[in-house]
Amino acid sequence: MSEFDPLLGLGGFGEVSTDSVEPVERDGIRVRPADEDDRESWDDWVERSPQGAVFHRLDALDVQAEYSGTTLVPLVGYKGQEPVGVFPVFAGSKAGVSAAFSPAPGLWIAGLGPALLHFEKLKRRRAEKRHRRFVGAALAWIDAAVDPKYVHVSAVPGYPDSRPFEWQGFSVKPRHTYVVDLARDPETLLDSFSSDARRNVDTDRDDYEIAVEGADAVARIVGQVRERYEQQGETFTLPTEAAVDLYRRLPEGVVRPYVCRIDGEFAGGMVALAGGDTIHRWQGGAKHDYDLPVNDLLDWRIIREGSEDGFRRYDMEGANEQRLCDYKAKFAPDVVPYYQMERGHPGVRLGSKLYTHFFR
């Protein structure tokens, strides 16, 4: 089960109109909402960016906006005619409080934020300057269009530098995820696992099978996670329909619902997301009562198939909750940081109090 911070119970936002806001330029970097030509190139830019992830894709952004009740603003930055980055933002207003988010709130998405382009060819000083100017211009546009009392950005693992946000008045909270290196061959990977993980995935039982299924499997996996949270008296806010819509709208092979069946009956599953060089363990892995190590076998199948398909990383989506770390650490992952960044209007006590009071 994913254990990153969910933004609970969001919805019921008022729409935010941004049509009349002019582009913002900062020292040669010009930021504005994507036009039709930009939208045609958007997914290609996402694929080319080191920070580009599944949830940066336009179809995934539309799903986030629809199910969070927010207004999607897909910002793009240019230096001259060259795109330098995209920054999808979700804006909304509720109870008189305007806010901007990236990713959209309440959908159990760990990271989004800016995805940078054409930075790898720059020397460090020029790259840092361009990054700072792009973020500054994007935030200036958001301030002009939304006038948010609260802004929350959670960047993807590997986002290079949180300082441009700090310099714009954001508080930065480092978080961590586990990432398995898939560049190693499966046997080397297996040898690096803990002894119980090796034992669990080397079972000789023949009464189970694991396969990638379809939309019904997505719904069943998310439903199992929801049931598990409810059993623990906790809230799970991801609508099942949102996960199913992601499966239906994104290209084939991006959303992969792995299902384990014992004697033909559903035992458990994981919804993995494949994009760029990374496959993500998004939803699933709920605790079960079977005597078969279902989750170990599911993770091992995803790892093996991800390696065979040429992916270089398996992001296990979170290394922040101690009770879940013991399980994930069995697969010999690296600990990789990512950043959650937030800024509130002066004089207003925000953070978790804002979420629970205004956006529940």
# chains A, B, ... in the order shown; residues from 1 in each chain; ligands from 1
call {"tool": "residues_around", "arguments": {"residues": "Glu252 of chain A", "least_positions_apart": "5", "cutoff": "12 Å", "atoms": "only C-alpha atoms", "output": "NGL selection string"}}
result
:A and (212-215 or 246-247 or 257 or 273-275)
call {"tool": "write_last_selection", "arguments": {"atoms": "N, CA, C and O atoms", "output": "PDB file, in the first residue's frame"}}
result
ATOM      1  N   VAL A 212      -1.100  -9.639 -15.828  1.00  0.00           N
ATOM      2  CA  VAL A 212      -1.587  -8.273 -15.994  1.00  0.00           C
ATOM      3  C   VAL A 212      -2.986  -8.361 -16.596  1.00  0.00           C
ATOM      4  O   VAL A 212      -3.173  -8.944 -17.660  1.00  0.00           O
ATOM      5  N   GLU A 213      -3.964  -7.792 -15.891  1.00  0.00           N
ATOM      6  CA  GLU A 213      -5.348  -7.866 -16.343  1.00  0.00           C
ATOM      7  C   GLU A 213      -5.826  -6.487 -16.807  1.00  0.00           C
ATOM      8  O   GLU A 213      -5.017  -5.690 -17.291  1.00  0.00           O
ATOM      9  N   GLY A 214      -7.124  -6.189 -16.679  1.00  0.00           N
ATOM     10  CA  GLY A 214      -7.681  -4.980 -17.265  1.00  0.00           C
ATOM     11  C   GLY A 214      -8.357  -4.054 -16.280  1.00  0.00           C
ATOM     12  O   GLY A 214      -8.021  -4.018 -15.088  1.00  0.00           O
ATOM     13  N   ALA A 215      -9.338  -3.294 -16.781  1.00  0.00           N
ATOM     14  CA  ALA A 215      -9.985  -2.257 -15.978  1.00  0.00           C
ATOM     15  C   ALA A 215     -10.656  -2.827 -14.738  1.00  0.00           C
ATOM     16  O   ALA A 215     -10.623  -2.208 -13.665  1.00  0.00           O
ATOM     17  N   LEU A 246      -7.768   6.395 -15.530  1.00  0.00           N
ATOM     18  CA  LEU A 246      -6.354   6.437 -15.917  1.00  0.00           C
ATOM     19  C   LEU A 246      -6.008   5.244 -16.803  1.00  0.00           C
ATOM     20  O   LEU A 246      -5.321   5.390 -17.823  1.00  0.00           O
ATOM     21  N   TYR A 247      -6.472   4.076 -16.411  1.00  0.00           N
ATOM     22  CA  TYR A 247      -6.207   2.877 -17.203  1.00  0.00           C
ATOM     23  C   TYR A 247      -6.780   3.027 -18.615  1.00  0.00           C
ATOM     24  O   TYR A 247      -6.133   2.665 -19.605  1.00  0.00           O
ATOM     25  N   PRO A 257      -2.246  -3.385 -14.171  1.00  0.00           N
ATOM     26  CA  PRO A 257      -2.827  -4.023 -12.982  1.00  0.00           C
ATOM     27  C   PRO A 257      -2.400  -5.493 -12.878  1.00  0.00           C
ATOM     28  O   PRO A 257      -2.953  -6.355 -13.555  1.00  0.00           O
ATOM     29  N   LEU A 273       2.612   1.640 -12.630  1.00  0.00           N
ATOM     30  CA  LEU A 273       2.596   2.670 -13.666  1.00  0.00           C
ATOM     31  C   LEU A 273       3.955   2.692 -14.340  1.00  0.00           C
ATOM     32  O   LEU A 273       4.990   2.793 -13.671  1.00  0.00           O
ATOM     33  N   ALA A 274       3.974   2.613 -15.658  1.00  0.00           N
ATOM     34  CA  ALA A 274       5.218   2.541 -16.413  1.00  0.00           C
ATOM     35  C   ALA A 274       5.397   3.798 -17.246  1.00  0.00           C
ATOM     36  O   ALA A 274       4.540   4.131 -18.077  1.00  0.00           O
ATOM     37  N   GLY A 275       6.489   4.517 -17.008  1.00  0.00           N
ATOM     38  CA  GLY A 275       6.744   5.725 -17.780  1.00  0.00           C
ATOM     39  C   GLY A 275       8.199   6.127 -17.690  1.00  0.00           C
ATOM     40  O   GLY A 275       8.830   5.997 -16.637  1.00  0.00           O
TER      41      GLY A 275
END
call {"tool": "residues_around", "arguments": {"residues": "segment 114-116 of chain A", "least_positions_apart": "5", "cutoff": "6 Å", "atoms": "only C-alpha atoms", "output": "PyMOL selection string"}}
result
chain A and resi 49+51-52+84-87
call {"tool": "residues_around", "arguments": {"residues": "segment 295-311 of chain A", "least_positions_apart": "6", "cutoff": "6 Å", "atoms": "only C-alpha atoms", "output": "list of chain:residue names"}}
result
A:Leu182, A:Val201, A:Asp277, A:Thr278, A:Gly285
call {"tool": "write_last_selection", "arguments": {"atoms": "C-alpha atoms", "output": "short mmCIF file (atom, residue, chain, number, x, y, z; two decimals), in the first residue's frame"}}
result
data_model
loop_
_atom_site.label_atom_id
_atom_site.label_comp_id
_atom_site.auth_asym_id
_atom_site.auth_seq_id
_atom_site.Cartn_x
_atom_site.Cartn_y
_atom_site.Cartn_z
CA LEU A 182 16.58 -2.67 -12.42
CA VAL A 201 9.60 -15.61 -4.27
CA ASP A 277 12.84 4.76 -17.29
CA THR A 278 10.77 3.93 -14.19
CA GLY A 285 -0.27 -4.62 -1.74
#
call {"tool": "closest_residue", "arguments": {"among": "A:Asp204, A:Asp315, A:Glu66, A:Asp35", "to": "Trp282 of chain A", "atoms": "only C-alpha atoms"}}
result
A:Asp315
call {"tool": "residues_around", "arguments": {"residues": "Tyr258 of chain A", "least_positions_apart": "2", "cutoff": "7 Å", "atoms": "only C-alpha atoms", "output": "list in words"}}
result
Ile210, Ala211, Val212, Glu213, Arg256, Cys260, Gly269, Met270 and Val271 of chain A
call {"tool": "residues_around", "arguments": {"residues": "Ala127 of chain A", "least_positions_apart": "5", "cutoff": "12 Å", "atoms": "only C-alpha atoms", "output": "ChimeraX atom specification"}}
result
/A:84,116-122,132-134,160-161,164
call {"tool": "select_by_dssp", "arguments": {"residues": "segment 122-172 of chain A", "states": "strand (DSSP E)", "output": "PyMOL selection string"}}
result
chain A and resi 150-154+171-172
call {"tool": "select_by_dssp", "arguments": {"residues": "segment 167-236 of chain A", "states": "alpha helix (DSSP H)", "output": "PyMOL selection string"}}
result
chain A and resi 186-192+195-201+215-231
call {"tool": "atom_distance", "arguments": {"atom1": "atom CA of Arg281 of chain A", "atom2": "atom CA of Ala99 of chain A"}}
result
28.6 Å
call {"tool": "closest_residue", "arguments": {"among": "A:Met341, A:Ala65, A:Ala100, A:Ala91", "to": "Phe165 of chain A", "atoms": "only C-alpha atoms"}}
result
A:Met341
call {"tool": "closest_residue", "arguments": {"among": "A:Val89, A:Thr237, A:Glu128, A:Gly136", "to": "Arg30 of chain A", "atoms": "only C-alpha atoms"}}
result
A:Gly136
